[in-house]
$ cat coords.json   # JSON, C-alpha atoms
[["chain", "number", "residue", "atom", "x", "y", "z"],
["A", 1, "MET", "CA", 0.00, 0.00, 0.00],
["A", 2, "ALA", "CA", 1.45, 3.37, -1.05],
["A", 3, "CYS", "CA", 1.99, 6.07, 1.58],
["A", 4, "THR", "CA", 0.54, 9.42, 0.52],
["A", 5, "GLY", "CA", 0.19, 12.81, 2.20],
["A", 6, "LEU", "CA", 3.23, 12.15, 4.43],
["A", 7, "ARG", "CA", 4.35, 14.65, 7.03],
["A", 8, "PRO", "CA", 7.84, 16.20, 6.75],
["A", 9, "SER", "CA", 8.97, 14.37, 9.92],
["A", 10, "PHE", "CA", 8.05, 11.01, 8.39],
["A", 11, "ARG", "CA", 9.96, 11.85, 5.22],
["A", 12, "ARG", "CA", 12.99, 12.64, 7.35],
["A", 13, "LEU", "CA", 12.69, 9.24, 9.01],
["A", 14, "LEU", "CA", 12.56, 7.60, 5.57],
["A", 15, "ARG", "CA", 15.79, 9.34, 4.54],
["A", 16, "GLN", "CA", 17.46, 8.32, 7.78],
["A", 17, "ALA", "CA", 16.32, 4.74, 7.27],
["A", 18, "ALA", "CA", 17.77, 4.78, 3.75],
["A", 19, "GLN", "CA", 21.11, 6.09, 5.08],
["A", 20, "THR", "CA", 21.27, 3.28, 7.63],
["A", 21, "ARG", "CA", 20.24, 0.81, 4.92],
["A", 22, "GLU", "CA", 17.17, -0.32, 6.84],
["A", 23, "ILE", "CA", 15.23, 0.17, 3.57],
["A", 24, "SER", "CA", 16.47, 0.50, 0.00],
["A", 25, "SER", "CA", 17.23, 4.07, -1.04],
["A", 26, "PHE", "CA", 15.31, 3.70, -4.33],
["A", 27, "LEU", "CA", 12.07, 3.20, -2.34],
["A", 28, "VAL", "CA", 12.24, 6.61, -0.63],
["A", 29, "PRO", "CA", 10.96, 8.69, -3.61],
["A", 30, "ALA", "CA", 8.05, 6.31, -4.13],
["A", 31, "LEU", "CA", 7.02, 6.36, -0.46],
["A", 32, "SER", "CA", 7.35, 10.11, -0.05],
["A", 33, "GLN", "CA", 5.62, 11.00, -3.33],
["A", 34, "ARG", "CA", 2.57, 13.22, -2.86],
["A", 35, "SER", "CA", -0.80, 12.02, -4.13],
["A", 36, "PHE", "CA", -1.68, 15.20, -6.03],
["A", 37, "SER", "CA", 0.02, 17.27, -8.71],
["A", 38, "THR", "CA", 0.78, 20.97, -8.64],
["A", 39, "SER", "CA", -1.93, 23.13, -10.16],
["A", 40, "ILE", "CA", -1.43, 25.29, -13.22],
["A", 41, "SER", "CA", -1.76, 29.06, -13.27],
["A", 42, "ARG", "CA", -5.03, 30.33, -11.77],
["A", 43, "SER", "CA", -7.68, 31.71, -14.09],
["A", 44, "SER", "CA", -10.70, 33.80, -13.16],
["A", 45, "ARG", "CA", -13.99, 32.31, -14.32],
["A", 46, "ILE", "CA", -15.44, 35.81, -14.78],
["A", 47, "GLY", "CA", -12.35, 37.81, -15.71],
["A", 48, "LYS", "CA", -11.28, 35.57, -18.60],
["A", 49, "GLU", "CA", -14.63, 35.87, -20.41],
["A", 50, "PRO", "CA", -14.51, 38.45, -23.26],
["A", 51, "ILE", "CA", -17.08, 41.26, -23.31],
["A", 52, "THR", "CA", -19.16, 41.81, -26.45],
["A", 53, "ILE", "CA", -19.34, 45.45, -27.57],
["A", 54, "PRO", "CA", -22.66, 46.49, -29.18],
["A", 55, "PRO", "CA", -22.43, 48.33, -32.53],
["A", 56, "GLU", "CA", -23.73, 51.60, -31.01],
["A", 57, "VAL", "CA", -21.08, 51.65, -28.26],
["A", 58, "SER", "CA", -17.59, 53.10, -28.76],
["A", 59, "LEU", "CA", -14.54, 52.67, -26.52],
["A", 60, "GLN", "CA", -11.59, 54.98, -26.05],
["A", 61, "PHE", "CA", -8.47, 54.15, -24.02],
["A", 62, "ILE", "CA", -6.84, 57.12, -22.31],
["A", 63, "GLU", "CA", -3.44, 57.01, -20.60],
["A", 64, "LEU", "CA", -3.17, 59.02, -17.40],
["A", 65, "PRO", "CA", -0.01, 60.94, -16.40],
["A", 66, "ARG", "CA", 2.38, 58.93, -14.31],
["A", 67, "SER", "CA", 2.65, 59.84, -10.62],
["A", 68, "ASN", "CA", 5.46, 59.28, -8.16],
["A", 69, "ALA", "CA", 5.91, 55.53, -7.71],
["A", 70, "ARG", "CA", 6.68, 55.94, -4.00],
["A", 71, "THR", "CA", 3.40, 57.71, -3.19],
["A", 72, "ARG", "CA", 1.24, 55.86, -5.72],
["A", 73, "LYS", "CA", -1.19, 53.33, -4.28],
["A", 74, "ILE", "CA", -1.40, 49.79, -5.65],
["A", 75, "ASP", "CA", -4.81, 50.43, -7.24],
["A", 76, "ALA", "CA", -4.06, 53.97, -8.46],
["A", 77, "ALA", "CA", -5.39, 54.26, -12.01],
["A", 78, "THR", "CA", -2.85, 54.55, -14.81],
["A", 79, "SER", "CA", -5.38, 54.44, -17.66],
["A", 80, "VAL", "CA", -9.09, 54.97, -18.26],
["A", 81, "VAL", "CA", -11.61, 53.30, -20.56],
["A", 82, "ALA", "CA", -14.12, 55.89, -21.84],
["A", 83, "ILE", "CA", -17.33, 54.12, -22.88],
["A", 84, "LYS", "CA", -19.84, 56.10, -24.93],
["A", 85, "GLY", "CA", -23.29, 55.00, -26.01],
["A", 86, "PRO", "CA", -26.77, 56.31, -26.82],
["A", 87, "LEU", "CA", -27.69, 56.67, -23.11],
["A", 88, "GLY", "CA", -24.58, 58.47, -21.94],
["A", 89, "GLU", "CA", -20.86, 58.18, -21.30],
["A", 90, "LEU", "CA", -19.04, 56.41, -18.47],
["A", 91, "ARG", "CA", -15.41, 55.94, -17.50],
["A", 92, "VAL", "CA", -13.75, 52.97, -15.83],
["A", 93, "ASN", "CA", -10.38, 53.39, -14.12],
["A", 94, "LEU", "CA", -7.80, 50.65, -14.73],
["A", 95, "PRO", "CA", -5.04, 49.88, -12.19],
["A", 96, "PRO", "CA", -1.50, 49.39, -13.52],
["A", 97, "TYR", "CA", -1.63, 45.57, -13.37],
["A", 98, "VAL", "CA", -4.78, 45.32, -15.57],
["A", 99, "THR", "CA", -4.54, 45.32, -19.36],
["A", 100, "THR", "CA", -7.28, 45.23, -21.99],
["A", 101, "SER", "CA", -7.20, 44.19, -25.63],
["A", 102, "LEU", "CA", -9.70, 44.12, -28.49],
["A", 103, "VAL", "CA", -10.40, 40.81, -30.24],
["A", 104, "ASP", "CA", -12.70, 39.45, -32.93],
["A", 105, "SER", "CA", -12.65, 42.41, -35.30],
["A", 106, "ASP", "CA", -12.74, 44.98, -32.49],
["A", 107, "ARG", "CA", -16.20, 43.92, -31.29],
["A", 108, "LYS", "CA", -15.02, 42.14, -28.13],
["A", 109, "ILE", "CA", -12.74, 43.23, -25.32],
["A", 110, "SER", "CA", -10.74, 40.95, -23.04],
["A", 111, "VAL", "CA", -9.30, 41.79, -19.62],
["A", 112, "LYS", "CA", -6.04, 40.38, -18.23],
["A", 113, "VAL", "CA", -3.81, 40.91, -15.19],
["A", 114, "SER", "CA", -0.04, 40.84, -14.97],
["A", 115, "ASP", "CA", 0.23, 37.96, -12.48],
["A", 116, "PRO", "CA", -2.90, 35.87, -11.69],
["A", 117, "GLU", "CA", -0.99, 34.16, -8.86],
["A", 118, "VAL", "CA", -1.03, 37.41, -6.84],
["A", 119, "LYS", "CA", -4.13, 37.25, -4.63],
["A", 120, "HIS", "CA", -5.08, 40.92, -4.96],
["A", 121, "GLN", "CA", -4.68, 40.95, -8.75],
["A", 122, "HIS", "CA", -6.68, 37.73, -9.06],
["A", 123, "ALA", "CA", -9.47, 39.27, -6.97],
["A", 124, "MET", "CA", -9.56, 42.49, -8.99],
["A", 125, "TRP", "CA", -9.50, 40.64, -12.31],
["A", 126, "GLY", "CA", -13.19, 39.71, -12.22],
["A", 127, "THR", "CA", -14.14, 42.97, -10.49],
["A", 128, "THR", "CA", -12.60, 45.14, -13.21],
["A", 129, "ARG", "CA", -14.19, 43.00, -15.92],
["A", 130, "ALA", "CA", -17.60, 43.37, -14.20],
["A", 131, "HIS", "CA", -17.22, 47.18, -14.03],
["A", 132, "ILE", "CA", -16.49, 47.38, -17.75],
["A", 133, "ALA", "CA", -19.36, 45.02, -18.63],
["A", 134, "ASN", "CA", -21.82, 46.97, -16.45],
["A", 135, "SER", "CA", -20.73, 50.26, -18.04],
["A", 136, "ILE", "CA", -21.16, 48.90, -21.58],
["A", 137, "ALA", "CA", -24.63, 47.57, -20.70],
["A", 138, "GLY", "CA", -25.49, 50.84, -18.97],
["A", 139, "VAL", "CA", -24.73, 53.17, -21.88],
["A", 140, "SER", "CA", -26.48, 50.87, -24.37],
["A", 141, "GLU", "CA", -29.48, 49.46, -22.46],
["A", 142, "GLY", "CA", -29.45, 51.09, -19.02],
["A", 143, "HIS", "CA", -29.94, 49.67, -15.53],
["A", 144, "ILE", "CA", -33.16, 49.64, -13.51],
["A", 145, "CYS", "CA", -34.17, 49.01, -9.91],
["A", 146, "ILE", "CA", -37.74, 48.40, -8.79],
["A", 147, "LEU", "CA", -38.62, 49.10, -5.17],
["A", 148, "ARG", "CA", -41.75, 47.60, -3.59],
["A", 149, "MET", "CA", -43.22, 49.23, -0.51],
["A", 150, "VAL", "CA", -45.13, 46.80, 1.71],
["A", 151, "GLY", "CA", -46.99, 48.30, 4.66],
["A", 152, "VAL", "CA", -50.20, 50.08, 5.61],
["A", 153, "GLY", "CA", -50.03, 53.69, 4.43],
["A", 154, "TYR", "CA", -46.65, 53.29, 2.70],
["A", 155, "ARG", "CA", -46.53, 55.33, -0.49],
["A", 156, "ALA", "CA", -44.17, 57.44, -2.59],
["A", 157, "THR", "CA", -44.39, 60.49, -4.85],
["A", 158, "ILE", "CA", -41.98, 62.48, -7.01],
["A", 159, "GLU", "CA", -41.85, 66.18, -6.07],
["A", 160, "GLU", "CA", -40.25, 69.16, -7.79],
["A", 161, "THR", "CA", -39.21, 70.77, -4.47],
["A", 162, "ALA", "CA", -38.48, 69.65, -0.91],
["A", 163, "THR", "CA", -38.87, 71.27, 2.49],
["A", 164, "THR", "CA", -36.29, 69.32, 4.50],
["A", 165, "VAL", "CA", -33.35, 69.10, 2.06],
["A", 166, "ASP", "CA", -31.68, 71.52, -0.35],
["A", 167, "PRO", "CA", -31.14, 70.71, -4.04],
["A", 168, "GLU", "CA", -27.64, 69.64, -5.02],
["A", 169, "TYR", "CA", -27.93, 70.70, -8.66],
["A", 170, "GLU", "CA", -30.30, 72.74, -10.79],
["A", 171, "GLY", "CA", -33.54, 70.99, -11.67],
["A", 172, "GLN", "CA", -33.10, 68.20, -9.12],
["A", 173, "LYS", "CA", -36.26, 66.32, -8.16],
["A", 174, "PHE", "CA", -37.03, 64.55, -4.90],
["A", 175, "VAL", "CA", -38.58, 61.28, -3.79],
["A", 176, "ASN", "CA", -41.15, 61.88, -1.05],
["A", 177, "LEU", "CA", -41.80, 58.82, 1.11],
["A", 178, "LYS", "CA", -44.59, 58.24, 3.60],
["A", 179, "LEU", "CA", -43.43, 55.40, 5.84],
["A", 180, "GLY", "CA", -45.33, 55.91, 9.08],
["A", 181, "PHE", "CA", -43.06, 58.60, 10.50],
["A", 182, "ALA", "CA", -44.34, 61.87, 11.94],
["A", 183, "HIS", "CA", -42.21, 63.72, 9.38],
["A", 184, "PRO", "CA", -41.90, 63.29, 5.60],
["A", 185, "VAL", "CA", -38.86, 61.50, 4.18],
["A", 186, "GLU", "CA", -37.43, 63.44, 1.24],
["A", 187, "LEU", "CA", -34.46, 62.19, -0.77],
["A", 188, "GLY", "CA", -32.82, 64.03, -3.64],
["A", 189, "ILE", "CA", -32.58, 62.03, -6.86],
["A", 190, "PRO", "CA", -28.89, 61.72, -7.93],
["A", 191, "LYS", "CA", -27.76, 63.21, -11.19],
["A", 192, "GLY", "CA", -28.13, 60.75, -14.07],
["A", 193, "VAL", "CA", -30.91, 58.78, -12.37],
["A", 194, "LYS", "CA", -34.55, 58.94, -13.49],
["A", 195, "ALA", "CA", -37.16, 58.09, -10.85],
["A", 196, "THR", "CA", -40.84, 57.42, -11.57],
["A", 197, "VAL", "CA", -43.77, 56.14, -9.51],
["A", 198, "PRO", "CA", -45.96, 53.90, -11.71],
["A", 199, "GLN", "CA", -47.96, 52.95, -8.59],
["A", 200, "PRO", "CA", -48.14, 54.57, -5.14],
["A", 201, "THR", "CA", -46.24, 51.62, -3.67],
["A", 202, "ARG", "CA", -43.72, 51.19, -6.53],
["A", 203, "ILE", "CA", -40.61, 53.22, -7.35],
["A", 204, "LEU", "CA", -38.78, 52.71, -10.64],
["A", 205, "LEU", "CA", -35.16, 53.91, -10.84],
["A", 206, "GLU", "CA", -33.37, 54.08, -14.21],
["A", 207, "GLY", "CA", -29.85, 55.13, -15.12],
["A", 208, "CYS", "CA", -26.72, 54.17, -17.04],
["A", 209, "ASP", "CA", -24.42, 53.93, -13.98],
["A", 210, "LYS", "CA", -25.36, 50.76, -12.10],
["A", 211, "GLN", "CA", -23.47, 51.77, -8.97],
["A", 212, "VAL", "CA", -25.33, 55.08, -8.64],
["A", 213, "VAL", "CA", -28.73, 53.45, -9.29],
["A", 214, "THR", "CA", -28.26, 50.63, -6.79],
["A", 215, "GLN", "CA", -26.72, 52.96, -4.18],
["A", 216, "PHE", "CA", -29.76, 55.26, -4.32],
["A", 217, "ALA", "CA", -32.05, 52.21, -4.04],
["A", 218, "ALA", "CA", -30.12, 51.12, -0.94],
["A", 219, "GLU", "CA", -30.53, 54.59, 0.61],
["A", 220, "ILE", "CA", -34.31, 54.40, 0.11],
["A", 221, "ARG", "CA", -34.44, 50.87, 1.51],
["A", 222, "GLU", "CA", -32.48, 51.97, 4.59],
["A", 223, "TRP", "CA", -35.50, 53.90, 5.89],
["A", 224, "ARG", "CA", -37.65, 50.79, 6.20],
["A", 225, "LYS", "CA", -35.68, 47.56, 5.99],
["A", 226, "PRO", "CA", -37.82, 44.44, 5.54],
["A", 227, "GLU", "CA", -38.66, 42.96, 8.94],
["A", 228, "PRO", "CA", -39.18, 39.20, 9.40],
["A", 229, "TYR", "CA", -42.34, 39.13, 11.56],
["A", 230, "LYS", "CA", -44.96, 41.00, 9.52],
["A", 231, "GLY", "CA", -43.07, 41.15, 6.22],
["A", 232, "LYS", "CA", -43.28, 44.96, 6.07],
["A", 233, "GLY", "CA", -40.62, 47.19, 4.55],
["A", 234, "ILE", "CA", -39.07, 48.28, 1.26],
["A", 235, "PHE", "CA", -37.95, 45.47, -1.06],
["A", 236, "VAL", "CA", -35.48, 45.98, -3.92],
["A", 237, "ASN", "CA", -36.12, 44.05, -7.18],
["A", 238, "ASP", "CA", -36.92, 40.38, -6.43],
["A", 239, "GLU", "CA", -35.79, 40.54, -2.79],
["A", 240, "THR", "CA", -37.73, 38.24, -0.45],
["A", 241, "ILE", "CA", -37.62, 37.56, 3.27],
["A", 242, "LYS", "CA", -38.45, 34.45, 5.30],
["A", 243, "LEU", "CA", -41.06, 35.18, 7.95],
["A", 244, "LYS", "CA", -40.41, 34.13, 11.53],
["A", 245, "ALA", "CA", -42.92, 32.92, 14.09],
["A", 246, "LYS", "CA", -44.27, 35.60, 16.38],
["A", 247, "LYS", "CA", -42.71, 35.85, 19.81],
["A", 248, "ILE", "CA", -45.03, 34.57, 22.52],
["A", 249, "LYS", "CA", -44.32, 35.76, 26.04]]
$ encode --input "coords.json" --output "structure tokens"
Amino acid sequence: MACTGLRPSFRRLLRQAAQTREISSFLVPALSQRSFSTSISRSSRIGKEPITIPPEVSLQFIELPRSNARTRKIDAATSVVAIKGPLGELRVNLPPYVTTSLVDSDRKISVKVSDPEVKHQHAMWGTTRAHIANSIAGVSEGHICILRMVGVGYRATIEETATTVDPEYEGQKFVNLKLGFAHPVELGIPKGVKATVPQPTRILLEGCDKQVVTQFAAEIREWRKPEPYKGKGIFVNDETIKLKAKKIK
């Protein structure tokens, strides 16, 4: 029976036994051989997938001026991908260890890192690819978030002005929420986001920047998080919650 997964101390005993001729020296490599082989270079399941570029979307790669290497952070951007489409324009910063290349007649873009064996680079490989893919989808199709308000008297409206907050830019609109508080909840709609209320208990957020849209949805949800006993609260997209049994004293 072959010995696999041996500890270093046992291997040392095998070598000592071979030196004292208690066992044949040619048997030591076979006994101390590990049962698994070394793995090849790591590859990201998300990062290695190329991104298809729609015909109406154009990409421009811009090199940024070099900064002092001593003060530069590891993720400091050295280049930018400017993505322009019918719904707007977005930019994605690229750290120095990330490179992009166009393939398949310039209609697909692939993302690579300098050394996939480095843990931080391997982690940012898929993240950077996801940022670029979300930006391409945002300027061509857009991103949406649907918020459902569950609760007696919960409702929302879109107002031109607000009484509790000041506008951050000219023409800013506000989401007015009635959530059972003694005061109204007014939130300014971020620039680049379109908010509508198709129903009193539904809020539709649209925009090309997925991060801005989802962040604003999270800020609205923060006022009434879904609670597990009555199932009341503000739900984002297809979010669900498992109800708990009521506490009996």
$ closest_residue --input "coords.json" --among "A:Lys191, A:Lys247, A:Lys173, A:Arg148" --to "Arg224 of chain A" --atoms "all atoms listed in the file"
A:Arg148
$ closest_residue --input "coords.json" --among "A:Gly188, A:Pro200, A:Pro65, A:Gly171" --to "Ala156 of chain A" --atoms "all atoms listed in the file"
A:Pro200
$ closest_residue --input "coords.json" --among "A:Val150, A:Ile158, A:Ile53, A:Ile62" --to "Leu179 of chain A" --atoms "only C-alpha atoms"
A:Val150
$ residues_around --input "coords.json" --residues "segment 230-240 of chain A" --least-positions-apart "4" --cutoff "9 Å" --atoms "all atoms listed in the file" --output "ChimeraX atom specification"
/A:144-152,154,179,217-218,220-226,244,246
$ write_last_selection --input "coords.json" --atoms "C-alpha atoms" --output "PDB file, in the coordinates of the input"
ATOM      1  CA  ILE A 144     -33.160  49.640 -13.510  1.00  0.00           C
ATOM      2  CA  CYS A 145     -34.170  49.010  -9.910  1.00  0.00           C
ATOM      3  CA  ILE A 146     -37.740  48.400  -8.790  1.00  0.00           C
ATOM      4  CA  LEU A 147     -38.620  49.100  -5.170  1.00  0.00           C
ATOM      5  CA  ARG A 148     -41.750  47.600  -3.590  1.00  0.00           C
ATOM      6  CA  MET A 149     -43.220  49.230  -0.510  1.00  0.00           C
ATOM      7  CA  VAL A 150     -45.130  46.800   1.710  1.00  0.00           C
ATOM      8  CA  GLY A 151     -46.990  48.300   4.660  1.00  0.00           C
ATOM      9  CA  VAL A 152     -50.200  50.080   5.610  1.00  0.00           C
ATOM     10  CA  TYR A 154     -46.650  53.290   2.700  1.00  0.00           C
ATOM     11  CA  LEU A 179     -43.430  55.400   5.840  1.00  0.00           C
ATOM     12  CA  ALA A 217     -32.050  52.210  -4.040  1.00  0.00           C
ATOM     13  CA  ALA A 218     -30.120  51.120  -0.940  1.00  0.00           C
ATOM     14  CA  ILE A 220     -34.310  54.400   0.110  1.00  0.00           C
ATOM     15  CA  ARG A 221     -34.440  50.870   1.510  1.00  0.00           C
ATOM     16  CA  GLU A 222     -32.480  51.970   4.590  1.00  0.00           C
ATOM     17  CA  TRP A 223     -35.500  53.900   5.890  1.00  0.00           C
ATOM     18  CA  ARG A 224     -37.650  50.790   6.200  1.00  0.00           C
ATOM     19  CA  LYS A 225     -35.680  47.560   5.990  1.00  0.00           C
ATOM     20  CA  PRO A 226     -37.820  44.440   5.540  1.00  0.00           C
ATOM     21  CA  LYS A 244     -40.410  34.130  11.530  1.00  0.00           C
ATOM     22  CA  LYS A 246     -44.270  35.600  16.380  1.00  0.00           C
TER      23      LYS A 246
END
$ residues_around --input "coords.json" --residues "Ser140 of chain A" --least-positions-apart "2" --cutoff "7 Å" --atoms "all atoms listed in the file" --output "mmCIF file with C-alpha atoms, in the coordinates of the input"
data_model
loop_
_atom_site.group_PDB
_atom_site.id
_atom_site.type_symbol
_atom_site.label_atom_id
_atom_site.label_comp_id
_atom_site.auth_asym_id
_atom_site.auth_seq_id
_atom_site.Cartn_x
_atom_site.Cartn_y
_atom_site.Cartn_z
ATOM 1 C CA VAL A 57 -21.080 51.650 -28.260
ATOM 2 C CA GLY A 85 -23.290 55.000 -26.010
ATOM 3 C CA PRO A 86 -26.770 56.310 -26.820
ATOM 4 C CA LEU A 87 -27.690 56.670 -23.110
ATOM 5 C CA ILE A 136 -21.160 48.900 -21.580
ATOM 6 C CA ALA A 137 -24.630 47.570 -20.700
ATOM 7 C CA GLY A 138 -25.490 50.840 -18.970
ATOM 8 C CA GLY A 142 -29.450 51.090 -19.020
#
$ atom_distance --input "coords.json" --atom1 "atom CA of Asp75 of chain A" --atom2 "atom CA of Thr214 of chain A"
23.5 Å
$ atom_distance --input "coords.json" --atom1 "atom CA of Thr99 of chain A" --atom2 "atom CA of Gln215 of chain A"
27.9 Å
$ closest_residue --input "coords.json" --among "A:Ala76, A:Met124, A:Ile248, A:Leu177" --to "Ile203 of chain A" --atoms "all atoms listed in the file"
A:Leu177
$ atom_distance --input "coords.json" --atom1 "atom CA of Lys112 of chain A" --atom2 "atom CA of Pro95 of chain A"
11.3 Å
$ closest_residue --input "coords.json" --among "A:Lys73, A:Val118, A:Glu141, A:Trp125" --to "Pro54 of chain A" --atoms "only C-alpha atoms"
A:Glu141
$ closest_residue --input "coords.json" --among "A:Val111, A:Val213, A:Val165, A:Leu205" --to "Gly126 of chain A" --atoms "only C-alpha atoms"
A:Val111
$ residues_around --input "coords.json" --residues "His122 of chain A" --least-positions-apart "2" --cutoff "9 Å" --atoms "all atoms listed in the file" --output "number ranges by chain"
A: 42-44, 47, 113, 115-120, 124-126
